[in-house]
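Below is start_37.txt, which holds compact mmCIF, C-alpha atoms.
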```
# COMPACT_ATOMS: atom_id res chain seq x y z
CA MET A 1 12.74 -26.39 -27.63
CA SER A 2 16.25 -26.52 -26.25
CA LYS A 3 16.68 -25.64 -22.60
CA ALA A 4 17.68 -22.13 -21.59
CA ILE A 5 21.09 -22.04 -19.96
CA VAL A 6 21.11 -20.21 -16.64
CA ALA A 7 24.04 -19.10 -14.49
CA THR A 8 23.66 -17.69 -11.00
CA THR A 9 25.99 -16.21 -8.41
CA SER A 10 25.95 -14.51 -5.04
CA LEU A 11 28.28 -11.49 -4.74
CA ALA A 12 28.00 -9.38 -1.56
CA GLY A 13 24.79 -11.16 -0.58
CA CYS A 14 23.64 -13.62 2.05
CA PHE A 15 22.33 -16.41 -0.26
CA GLY A 16 18.82 -15.52 0.87
CA CYS A 17 17.84 -14.73 -2.73
CA HIS A 18 19.10 -18.16 -3.83
CA MET A 19 16.99 -19.69 -1.05
CA SER A 20 14.02 -17.80 -2.48
CA LEU A 21 14.88 -19.09 -5.96
CA LEU A 22 14.64 -22.64 -4.59
CA ASP A 23 11.44 -21.80 -2.66
CA ILE A 24 9.16 -22.47 -5.63
CA ASP A 25 7.82 -25.75 -4.24
CA GLU A 26 6.87 -28.37 -6.83
CA LYS A 27 7.55 -25.92 -9.66
CA ILE A 28 11.20 -26.82 -9.18
CA LEU A 29 10.40 -29.92 -11.30
CA ASP A 30 9.13 -27.62 -14.09
CA LEU A 31 12.23 -25.48 -13.68
CA ILE A 32 14.48 -28.46 -14.39
CA GLU A 33 12.48 -29.07 -17.59
CA LEU A 34 12.89 -25.42 -18.64
CA VAL A 35 16.49 -24.64 -17.81
CA GLU A 36 19.95 -26.10 -17.56
CA PHE A 37 22.25 -24.57 -14.92
CA ASN A 38 25.82 -23.65 -15.79
CA LYS A 39 28.08 -21.72 -13.40
CA SER A 40 26.05 -21.62 -10.20
CA PRO A 41 26.31 -22.48 -6.50
CA ILE A 42 23.28 -24.73 -7.07
CA ASP A 43 25.29 -27.26 -9.13
CA ASP A 44 28.73 -26.08 -7.91
CA ILE A 45 30.11 -25.39 -11.40
CA LYS A 46 32.86 -22.86 -10.67
CA THR A 47 33.62 -21.39 -14.10
CA PHE A 48 31.61 -20.75 -17.25
CA THR A 49 31.77 -23.75 -19.61
CA LYS A 50 29.54 -22.22 -22.28
CA GLU A 51 27.65 -19.11 -23.32
CA CYS A 52 24.58 -18.62 -21.09
CA ASP A 53 21.17 -17.20 -21.90
CA ILE A 54 20.32 -15.79 -18.49
CA GLY A 55 22.62 -14.69 -15.68
CA ILE A 56 21.06 -14.13 -12.26
CA ILE A 57 23.02 -12.04 -9.78
CA GLU A 58 22.45 -11.74 -6.07
CA GLY A 59 24.27 -9.11 -3.98
CA GLY A 60 26.13 -5.90 -4.76
CA CYS A 61 29.86 -5.33 -5.26
CA CYS A 62 31.93 -4.78 -2.12
CA ASN A 63 35.31 -6.09 -3.29
CA SER A 64 37.40 -6.59 -6.43
CA GLU A 65 36.37 -10.23 -6.79
CA ASN A 66 32.68 -9.24 -6.92
CA VAL A 67 33.48 -6.80 -9.74
CA HIS A 68 35.49 -9.44 -11.60
CA ILE A 69 32.70 -12.03 -11.39
CA LEU A 70 30.05 -9.49 -12.36
CA LYS A 71 32.05 -8.55 -15.47
CA GLU A 72 32.49 -12.26 -16.28
CA PHE A 73 28.72 -12.66 -16.08
CA ARG A 74 28.15 -9.71 -18.37
CA LYS A 75 30.60 -11.21 -20.86
CA ASN A 76 29.10 -14.72 -20.78
CA CYS A 77 25.36 -14.09 -20.38
CA LYS A 78 23.02 -12.67 -22.98
CA THR A 79 20.58 -11.31 -20.40
CA LEU A 80 21.57 -10.21 -16.94
CA VAL A 81 19.00 -10.14 -14.14
CA VAL A 82 19.78 -8.88 -10.65
CA MET A 83 17.69 -9.98 -7.72
CA GLY A 84 17.37 -8.55 -4.23
CA GLU A 85 17.95 -5.22 -2.55
CA CYS A 86 21.72 -5.77 -2.20
CA ALA A 87 22.19 -6.05 -5.96
CA ILE A 88 19.83 -3.15 -6.62
CA MET A 89 21.00 -0.62 -4.04
CA GLY A 90 23.83 -2.21 -2.07
CA GLY A 91 21.57 -3.46 0.71
CA LEU A 92 22.84 -3.99 4.22
CA PRO A 93 26.55 -4.08 3.20
CA ALA A 94 26.02 -0.53 1.83
CA LEU A 95 25.26 0.73 5.34
CA ARG A 96 28.98 1.53 5.46
CA ASN A 97 28.79 3.81 2.42
CA ASN A 98 29.78 7.39 3.23
CA VAL A 99 29.48 6.70 6.95
CA VAL A 100 32.79 5.07 7.81
CA SER A 101 36.05 4.91 5.84
CA ILE A 102 37.62 1.59 4.80
CA SER A 103 40.35 1.93 7.43
CA GLU A 104 37.77 2.51 10.19
CA CYS A 105 35.81 -0.45 8.90
CA LEU A 106 38.82 -2.81 8.90
CA GLU A 107 40.10 -1.55 12.25
CA GLU A 108 36.70 -2.17 13.81
CA ALA A 109 36.49 -5.66 12.31
CA TYR A 110 40.05 -6.84 13.08
CA LEU A 111 41.32 -4.71 16.00
CA ASN A 112 38.74 -2.81 18.05
CA CYS A 113 35.60 -4.90 18.08
CA VAL A 114 34.81 -6.47 21.48
CA SER A 115 34.65 -9.93 19.94
CA VAL A 116 38.20 -9.73 18.52
CA GLN A 117 40.45 -12.25 20.26
CA ALA A 118 43.93 -13.64 19.62
CA ASN A 119 45.07 -10.88 17.29
CA ASP A 120 47.98 -9.77 19.47
CA GLU A 121 50.12 -8.75 16.50
CA LYS A 122 47.29 -6.46 15.41
CA ILE A 123 47.16 -7.81 11.86
CA ILE A 124 44.70 -6.52 9.30
CA PRO A 125 44.69 -9.12 6.48
CA ASN A 126 46.39 -7.65 3.41
CA ASP A 127 47.57 -10.58 1.29
CA ASP A 128 47.83 -10.32 -2.49
CA GLU A 129 45.62 -13.40 -2.75
CA LEU A 130 42.77 -11.65 -0.96
CA PRO A 131 40.29 -9.57 -2.95
CA LEU A 132 40.66 -5.85 -2.33
CA ILE A 133 37.77 -4.24 -0.51
CA LEU A 134 36.22 -1.32 -2.42
CA ASP A 135 35.82 2.25 -1.17
CA ARG A 136 32.07 1.68 -0.91
CA VAL A 137 29.50 -0.94 -1.87
CA TYR A 138 28.27 -0.52 -5.44
CA PRO A 139 24.90 -1.60 -6.84
CA CYS A 140 25.45 -3.94 -9.82
CA HIS A 141 24.05 -1.50 -12.38
CA GLU A 142 26.74 1.04 -11.48
CA ILE A 143 29.39 -1.48 -12.64
CA VAL A 144 27.90 -3.16 -15.75
CA LYS A 145 24.70 -2.85 -17.74
CA ILE A 146 21.86 -4.80 -16.10
CA ASP A 147 18.80 -5.78 -18.12
CA TYR A 148 16.20 -6.55 -15.44
CA PHE A 149 15.74 -5.86 -11.73
CA LEU A 150 13.81 -8.01 -9.25
CA PRO A 151 13.41 -6.17 -5.93
CA GLY A 152 12.83 -7.80 -2.55
CA CYS A 153 14.69 -9.03 0.49
CA ALA A 154 14.49 -11.78 -0.53
CA PRO A 155 12.48 -11.35 -3.76
CA ARG A 156 9.28 -13.38 -3.55
CA ALA A 157 9.73 -16.81 -5.13
CA ASP A 158 6.83 -16.07 -7.49
CA LEU A 159 8.55 -12.90 -8.73
CA ILE A 160 11.69 -14.84 -9.65
CA TRP A 161 9.64 -17.66 -11.19
CA ASN A 162 7.44 -15.26 -13.21
CA ALA A 163 10.52 -13.41 -14.46
CA LEU A 164 12.26 -16.63 -15.50
CA VAL A 165 9.16 -17.92 -17.28
CA ALA A 166 8.68 -14.58 -19.06
CA LEU A 167 12.31 -14.50 -20.18
CA ILE A 168 12.28 -18.07 -21.44
CA THR A 169 8.88 -17.98 -23.15
CA GLY A 170 9.17 -14.40 -24.40
CA ASN A 171 5.76 -13.48 -23.01
CA GLU A 172 5.02 -10.40 -20.97
CA MET A 173 5.80 -10.84 -17.28
CA ASP A 174 2.97 -11.42 -14.84
CA LEU A 175 3.42 -8.78 -12.11
CA PRO A 176 0.70 -8.96 -9.43
CA TYR A 177 0.87 -6.33 -6.63
CA GLU A 178 1.86 -8.85 -3.96
CA VAL A 179 5.16 -9.84 -5.56
CA ILE A 180 6.81 -6.40 -5.72
CA LYS A 181 8.15 -5.86 -2.21
CA PHE A 182 11.36 -4.23 -0.97
CA ASP A 183 11.65 -6.34 2.18
CA MET B 1 -21.40 27.80 0.25
CA ASN B 2 -21.96 27.80 -3.50
CA LYS B 3 -22.64 24.76 -5.60
CA ILE B 4 -20.05 24.34 -8.33
CA THR B 5 -19.61 21.85 -11.14
CA ILE B 6 -16.16 20.56 -11.98
CA THR B 7 -14.94 17.86 -14.36
CA ILE B 8 -12.49 15.23 -13.13
CA ASN B 9 -11.25 12.77 -15.76
CA ASN B 10 -14.20 13.66 -18.03
CA LYS B 11 -16.72 12.99 -15.25
CA LYS B 12 -18.95 15.88 -14.13
CA ILE B 13 -19.04 16.35 -10.36
CA VAL B 14 -21.33 18.73 -8.48
CA THR B 15 -19.76 19.88 -5.23
CA GLU B 16 -19.38 22.85 -2.89
CA SER B 17 -16.84 25.61 -3.28
CA GLY B 18 -14.03 26.06 -0.77
CA LYS B 19 -12.62 22.54 -1.00
CA SER B 20 -9.33 21.49 -2.55
CA VAL B 21 -9.22 19.38 -5.69
CA LEU B 22 -7.64 16.59 -3.64
CA GLU B 23 -10.53 16.52 -1.15
CA ILE B 24 -13.17 16.46 -3.87
CA ALA B 25 -11.38 13.71 -5.74
CA LYS B 26 -11.18 11.66 -2.54
CA GLU B 27 -14.89 12.12 -1.83
CA ASN B 28 -15.65 10.83 -5.31
CA GLY B 29 -13.47 7.75 -5.12
CA ILE B 30 -10.59 9.11 -7.20
CA PHE B 31 -7.16 8.54 -5.68
CA ILE B 32 -4.52 11.22 -6.21
CA PRO B 33 -1.20 10.10 -4.65
CA THR B 34 0.27 12.39 -1.97
CA LEU B 35 3.26 12.34 0.35
CA CYS B 36 3.51 15.68 2.17
CA ASN B 37 -0.25 15.94 2.69
CA TYR B 38 -1.78 14.66 5.93
CA GLU B 39 -5.30 14.82 7.17
CA GLY B 40 -5.72 17.59 9.75
CA ILE B 41 -2.66 19.56 8.66
CA ALA B 42 -2.83 22.53 6.29
CA PRO B 43 -1.46 21.48 2.86
CA GLN B 44 1.79 22.94 1.59
CA SER B 45 2.44 21.30 -1.82
CA SER B 46 6.13 20.58 -1.28
CA CYS B 47 6.41 17.00 -2.57
CA ARG B 48 4.58 17.65 -5.88
CA VAL B 49 3.39 14.02 -6.03
CA CYS B 50 -0.25 15.18 -6.26
CA THR B 51 0.43 17.19 -9.42
CA CYS B 52 -2.59 17.12 -11.75
CA VAL B 53 -3.44 18.89 -14.99
CA ILE B 54 -5.90 21.60 -13.94
CA ASP B 55 -7.33 23.73 -16.76
CA GLY B 56 -4.34 22.78 -18.91
CA ARG B 57 -1.69 23.65 -16.32
CA LYS B 58 0.18 21.33 -13.98
CA MET B 59 -0.82 22.23 -10.44
CA THR B 60 -0.80 20.48 -7.08
CA ALA B 61 -4.21 19.10 -6.14
CA CYS B 62 -3.70 19.58 -2.39
CA THR B 63 -3.42 23.40 -2.51
CA THR B 64 -5.65 24.21 -5.49
CA LEU B 65 -9.19 25.16 -4.47
CA ALA B 66 -11.83 23.92 -6.87
CA LYS B 67 -13.63 26.58 -8.89
CA ASP B 68 -16.72 26.37 -11.05
CA LYS B 69 -16.17 24.77 -14.51
CA MET B 70 -12.67 23.59 -13.60
CA ASN B 71 -11.37 20.76 -15.78
CA ILE B 72 -9.06 18.33 -13.98
CA GLU B 73 -7.09 15.34 -15.22
CA THR B 74 -5.56 13.17 -12.50
CA ASN B 75 -4.05 10.19 -14.25
CA THR B 76 -2.55 10.95 -17.65
CA GLU B 77 0.51 9.00 -18.72
CA GLU B 78 2.69 12.09 -18.30
CA LEU B 79 1.45 12.71 -14.74
CA GLU B 80 2.14 9.11 -13.75
CA GLU B 81 5.64 9.45 -15.16
CA ILE B 82 6.20 12.69 -13.18
CA ARG B 83 4.99 11.07 -9.97
CA SER B 84 7.09 7.98 -10.31
CA VAL B 85 10.19 10.07 -11.12
CA ILE B 86 9.64 12.06 -7.90
CA VAL B 87 9.44 8.82 -5.91
CA GLU B 88 12.55 7.46 -7.64
CA LEU B 89 14.44 10.67 -6.85
CA LEU B 90 13.49 10.39 -3.17
CA PHE B 91 14.76 6.79 -3.09
CA ALA B 92 18.06 7.79 -4.73
CA GLU B 93 18.52 10.90 -2.58
CA GLY B 94 18.24 9.31 0.88
CA ASN B 95 19.39 6.05 2.43
CA HIS B 96 16.26 3.96 2.23
CA PHE B 97 17.25 0.49 3.44
CA CYS B 98 13.78 -1.01 3.34
CA PRO B 99 14.77 -4.51 4.61
CA SER B 100 16.01 -3.07 7.92
CA CYS B 101 13.34 -0.39 8.42
CA GLU B 102 10.68 -0.68 11.14
CA LYS B 103 8.22 1.22 8.94
CA SER B 104 8.56 -1.17 6.00
CA GLY B 105 5.12 -2.34 4.89
CA ASN B 106 3.47 0.71 6.47
CA CYS B 107 5.60 3.33 4.68
CA GLU B 108 3.86 5.69 2.26
CA LEU B 109 6.96 6.28 0.13
CA GLN B 110 7.46 2.53 -0.27
CA ALA B 111 3.74 2.04 -0.93
CA LEU B 112 3.83 4.59 -3.75
CA ALA B 113 6.86 2.83 -5.23
CA TYR B 114 4.91 -0.46 -5.11
CA ARG B 115 1.92 1.19 -6.74
CA PHE B 116 4.07 2.67 -9.49
CA LYS B 117 5.86 -0.71 -9.90
CA MET B 118 9.29 0.80 -9.29
CA MET B 119 11.88 -1.95 -9.72
CA VAL B 120 14.92 0.33 -9.40
CA PRO B 121 15.33 4.12 -9.40
CA GLN B 122 16.68 5.40 -12.72
CA PHE B 123 19.05 7.74 -10.82
CA PRO B 124 22.40 6.88 -9.19
CA TYR B 125 22.23 6.50 -5.42
CA ASP B 126 23.63 9.43 -3.48
CA PHE B 127 24.37 7.60 -0.17
CA PRO B 128 24.48 10.82 1.87
CA ALA B 129 26.22 10.71 5.26
CA ARG B 130 23.43 11.25 7.78
CA ASP B 131 23.14 10.49 11.46
CA VAL B 132 20.56 9.04 13.82
CA ASP B 133 19.27 11.07 16.78
CA ALA B 134 18.29 8.69 19.59
CA VAL B 135 18.45 11.10 22.56
CA ASN B 136 14.74 11.14 23.29
CA PRO B 137 13.68 8.22 25.51
CA LYS B 138 10.55 7.50 23.47
CA ILE B 139 11.35 8.25 19.83
CA MET B 140 14.30 8.06 17.49
CA ILE B 141 14.89 10.29 14.46
CA ASP B 142 16.63 8.57 11.55
CA HIS B 143 17.71 11.31 9.14
CA ASN B 144 18.69 8.69 6.55
CA ARG B 145 15.03 8.03 5.82
CA CYS B 146 13.67 11.59 6.11
CA ILE B 147 12.14 13.05 2.94
CA LEU B 148 11.70 16.54 4.46
CA CYS B 149 7.96 16.61 3.87
CA LYS B 150 7.61 18.79 6.98
CA ARG B 151 4.52 16.94 8.18
CA CYS B 152 5.93 16.63 11.72
CA ILE B 153 6.77 20.35 11.81
CA ARG B 154 3.60 21.70 10.27
CA ARG B 155 1.50 19.96 12.88
CA LYS B 156 2.68 22.57 15.38
CA LYS B 157 0.40 25.13 13.78
CA GLU B 158 -2.68 23.22 14.90
CA PRO B 159 -3.26 24.09 18.59
CA GLU B 160 -4.86 20.73 19.46
CA ASN B 161 -1.93 18.84 17.91
CA PRO B 162 1.26 20.08 19.55
CA THR B 163 4.65 19.07 18.16
CA TRP B 164 8.24 20.00 18.93
CA PHE B 165 9.89 19.41 15.61
CA VAL B 166 11.76 22.19 13.77
CA PHE B 167 13.90 22.52 10.66
CA GLU B 168 17.63 23.00 11.14
CA ASN B 169 20.18 24.34 8.59
CA ARG B 170 19.48 25.16 4.97
CA GLY B 171 19.90 23.66 1.47
CA ASN B 172 21.25 20.14 1.29
CA LYS B 173 22.09 20.24 5.03
CA LEU B 174 18.44 20.76 5.92
CA LYS B 175 17.13 18.31 8.52
CA ILE B 176 14.41 17.97 11.12
CA ASN B 177 15.30 18.45 14.75
CA LEU B 178 13.57 17.93 18.07
CA ASP B 179 13.67 20.01 21.26
CA HIS B 180 15.07 17.43 23.67
CA GLU B 181 14.35 19.43 26.83
CA LEU B 182 10.69 19.96 26.06
CA THR B 183 10.20 16.37 24.97
CA ALA B 184 12.09 14.62 27.78
CA ASP B 185 8.82 13.49 29.39
CA MET B 186 6.98 12.61 26.16
CA ASP B 187 4.38 9.89 26.73
CA ASP B 188 3.65 6.85 24.54
CA GLU B 189 0.55 8.40 23.00
CA LEU B 190 2.41 11.46 21.74
CA ALA B 191 5.28 9.29 20.54
CA GLN B 192 2.83 7.18 18.55
CA LYS B 193 1.26 10.34 17.12
CA ALA B 194 4.69 11.62 16.03
CA MET B 195 5.46 8.27 14.37
CA ASP B 196 2.08 8.15 12.61
CA THR B 197 2.56 11.65 11.22
CA CYS B 198 5.76 10.60 9.46
CA PRO B 199 5.10 9.09 6.02
CA VAL B 200 8.42 7.20 6.09
CA GLY B 201 10.48 5.65 8.89
CA ALA B 202 12.27 8.84 9.97
CA ILE B 203 10.37 9.09 13.27
CA ILE B 204 10.28 5.71 14.99
CA ARG B 205 9.03 4.73 18.43
CA LYS B 206 11.67 3.09 20.56
CA GLU B 207 11.22 -0.43 21.95
CA LYS B 208 8.52 -1.05 19.38
CA GLY B 209 8.61 -2.26 15.83
CA PHE B 210 8.25 -5.30 13.62
CA ASP B 211 5.16 -6.20 15.68
CA VAL B 212 2.94 -6.85 12.65
CA PRO B 213 4.05 -9.93 10.69
CA ILE B 214 5.02 -9.64 7.03
CA GLY B 215 1.88 -10.25 5.00
CA SER B 216 -0.57 -8.39 7.26
CA ARG B 217 0.96 -4.91 7.22
CA LYS B 218 -0.89 -1.93 5.78
CA TYR B 219 0.38 -2.06 2.21
CA ASP B 220 1.28 -5.77 1.93
CA SER B 221 -1.70 -6.95 -0.08
CA LYS B 222 -3.58 -3.77 -1.10
CA PRO B 223 -1.99 -0.82 -2.90
CA ILE B 224 -2.04 2.63 -1.30
CA GLY B 225 -5.22 4.46 -2.32
CA SER B 226 -7.25 1.31 -2.92
CA ASP B 227 -9.46 2.19 0.07
CA ILE B 228 -10.43 5.44 -1.70
CA GLU B 229 -10.90 3.76 -5.07
CA ASP B 230 -13.02 0.97 -3.56
CA GLN B 231 -15.54 3.30 -1.92
CA GLY B 232 -16.59 5.19 -5.05
CA GLY B 233 -16.75 4.17 -8.68
CA ALA B 234 -13.24 4.82 -9.93
CA VAL B 235 -13.05 6.90 -13.09
```
Would you write the structure of this file as structure tokens?
Amino acid sequence: MSKAIVATTSLAGCFGCHMSLLDIDEKILDLIELVEFNKSPIDDIKTFTKECDIGIIEGGCCNSENVHILKEFRKNCKTLVVMGECAIMGGLPALRNNVVSISECLEEAYLNCVSVQANDEKIIPNDDELPLILDRVYPCHEIVKIDYFLPGCAPRADLIWNALVALITGNEMDLPYEVIKFD
Amino acid sequence: MNKITITINNKKIVTESGKSVLEIAKENGIFIPTLCNYEGIAPQSSCRVCTCVIDGRKMTACTTLAKDKMNIETNTEELEEIRSVIVELLFAEGNHFCPSCEKSGNCELQALAYRFKMMVPQFPYDFPARDVDAVNPKIMIDHNRCILCKRCIRRKKEPENPTWFVFENRGNKLKINLDHELTADMDDELAQKAMDTCPVGAIIRKEKGFDVPIGSRKYDSKPIGSDIEDQGGAV
């Protein structure tokens, strides 16, 4: 059987879900037998070099680059799986949704916050090269179609492992009570 | 008290009249999920999570008194779908950031979602703008997490269980509120009682939280209702 090709990325996330993905102990040796990684922070491949079977997304969409990458993933991956609360409901970045406006948010970060130093010209970064921040943080499934959701913060390593094995082997996923957690 | 015979999930049960379907089911080891119901407080059937098919009609188990020859189904596929949709709606309607909530692991709403294997709500998130009331020295009210079950308010009607919570506004602006003058000298015991009454993390004790490690909290390893199901032969 040829190896399944997997791509992963972290959008507006903290890389905690990727840590959980690597937290599968000695099963990581089995993982290497089962899959080949393409675009992923794990192997540092920056752009898609071929069509992938499974795309794994961590984090929601808080800026235009996140949306761009998410759409790239949808285009290049047959099955898209999101992992973690941020990808599912926005997570901690979504605390700003409907509470503060973008301008308030940026002013707090770059001008008013007590830890701001050496910004005498009162600059809020606004270069064309920088991704535009969105009006609110969007869960991934509000941007593109997502096939499977793995909740958790971070999702339990066994949940990610069971999902990957089920996707690759085509068997029904093993879902014990202990692995579905939202924190 | 009269002896009556009712049927729950095709099992004949002899019991006494005057009890609700929910109570009888619990006594016989059958778990019917609830959210707005709390032991010691008169039921009000506002959350509809305990909906069962009673004599062919969908009725709430917490407020329906059992009658002789009643036929009750508690766990049909349709009922489970209804219940999980209610839970999904509650998740989409409020701001339930489980990873940052002190009640996570001990929260009844979350525990029901675990039991129903909810991976993501099927509804778009509303992200309502809600505030946090931290005036009281002992407790904090986080309106983001409130599901308006009224458990904290209804407790007032029991004389031995005083509470100072009230509803404020109407419609989608409805929220719970607390009399800050009357509660300025609230002690730890009452604060704990207020927090325990809340099924979610809307009423939280200050300077306390995250004191039980992940893995040993109430709903970490056993689903909600398993204590009821374990004590009597589940049907």
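Here CA of Arg48 in chain B is placed at a distance of 26.0 Å from CA of Ser221 in chain B.
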From the options B:Ile72, B:Ile204, B:Ala194, B:Cys98, which residue's atoms come nearest to chain A, counting all atoms listed in the file?
B:Cys98
Of the candidates B:Leu35, B:Ile41, B:Cys62, B:Val200, which one gets nearest to Arg154 in chain B if we count all atoms listed in the file?
B:Ile41
Residue contacts of Lys75 in chain A (12 Å, all atoms listed in the file) excluding same-chain residues fewer than 5 positions away, as an MDAnalysis selection string
chainID A and resid 48 50:55 68:70 80 144:146
At a cut-off of 8 Å, which residues of chain A touch chain B? Count all atoms listed in the file and give the answer as a ChimeraX atom specification.
/A:85,88-89,91-92,97-99,142,149-151,153,177-178,180-183
Using all atoms listed in the file, determine which residues lie at most 10 Å from Cys14 in chain A, disregarding the query and same-chain residues fewer than 3 positions distant; provide the list as a PDB file with C-alpha atoms, keeping the file's coordinate frame.
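So part-v7.pdb came out as:
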```pdb
ATOM      1  CA  SER A  10      25.950 -14.510  -5.040  1.00  0.00           C
ATOM      2  CA  LEU A  11      28.280 -11.490  -4.740  1.00  0.00           C
ATOM      3  CA  CYS A  17      17.840 -14.730  -2.730  1.00  0.00           C
ATOM      4  CA  HIS A  18      19.100 -18.160  -3.830  1.00  0.00           C
ATOM      5  CA  MET A  19      16.990 -19.690  -1.050  1.00  0.00           C
ATOM      6  CA  GLU A  58      22.450 -11.740  -6.070  1.00  0.00           C
ATOM      7  CA  GLY A  59      24.270  -9.110  -3.980  1.00  0.00           C
ATOM      8  CA  CYS A  86      21.720  -5.770  -2.200  1.00  0.00           C
ATOM      9  CA  LEU A  92      22.840  -3.990   4.220  1.00  0.00           C
ATOM     10  CA  ALA A 154      14.490 -11.780  -0.530  1.00  0.00           C
TER      11      ALA A 154
END
```
So what do you get for CA of Asn136 in chain B versus CA of Phe167 in chain B, distance-wise?
17.0 Å
Around (7.1, 7.3, 24.8) in the file's own coordinates, what residues are found within 9 Å if you use all atoms listed in the file, given back as a CSV table (one decimal) with C-alpha atoms, keeping the file's coordinate frame?
```csv
chain,number,residue,atom,x,y,z
B,136,ASN,CA,14.7,11.1,23.3
B,137,PRO,CA,13.7,8.2,25.5
B,138,LYS,CA,10.6,7.5,23.5
B,139,ILE,CA,11.4,8.2,19.8
B,185,ASP,CA,8.8,13.5,29.4
B,186,MET,CA,7.0,12.6,26.2
B,187,ASP,CA,4.4,9.9,26.7
B,188,ASP,CA,3.6,6.8,24.5
B,189,GLU,CA,0.6,8.4,23.0
B,190,LEU,CA,2.4,11.5,21.7
B,191,ALA,CA,5.3,9.3,20.5
B,192,GLN,CA,2.8,7.2,18.6
B,205,ARG,CA,9.0,4.7,18.4
B,206,LYS,CA,11.7,3.1,20.6
```
Please, what distance in Å, to one decimal, runs between CA of Leu175 in chain A and CA of Ala157 in chain A?
12.4 Å
Close residues, range 26-38 of chain A itself excluded, 7 Å, all atoms listed in the file, min 6 positions apart in chain, as a ChimeraX atom specification
/A:3-7,45,48
Around range 211-228 of chain B, fit a box with edges along x, y and z, padding it by 5 Å on each side, then list its centre and edge lengths in Å to one decimal as AutoDock Vina command-line options.
```
--center_x -2.6 --center_y -2.4 --center_z 6.4 --size_x 25.6 --size_y 25.7 --size_z 28.6
```
At a cut-off of 12 Å from (16.7, 15.0, 7.5) in the coordinates of the file, what residues are picked up using only C-alpha atoms, written as a PyMOL selection string?
chain B and resi 93-95+128-133+141-150+152+165-178+198+200-203
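Nearest residue to Asn9 in chain B, choosing from B:Glu81, B:Glu229, B:Glu73, B:Asp55 and counting all atoms listed in the file: B:Glu73.
When only C-alpha atoms are used to measure the gap to Pro43 in chain B, the shortest distance among B:Ala134, B:Arg151, B:Thr7, B:Leu79 belongs to B:Arg151.
The smallest atom-to-atom distance between Asn162 in chain A and any of A:Val67, A:Ile133, A:Leu21, A:Cys62, using all atoms listed in the file, is found for A:Leu21.
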So, with all atoms listed in the file as the atoms that count, which of A:Glu121, A:Asp135, A:Glu129, A:Glu72 lies closest to Ser103 in chain A?
A:Asp135
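Residue neighbourhood of Val14 in chain B, excluding near-sequence residues (fewer than 6 positions): Asn2, Lys3, Ile4, Thr5, Ile6, Thr7, Ile8, Ile24, Ala25, Glu27, Asn28, Ala66, Lys67, Asp68, Lys69 and Met70 of chain B, at 12 Å, using all atoms listed in the file.
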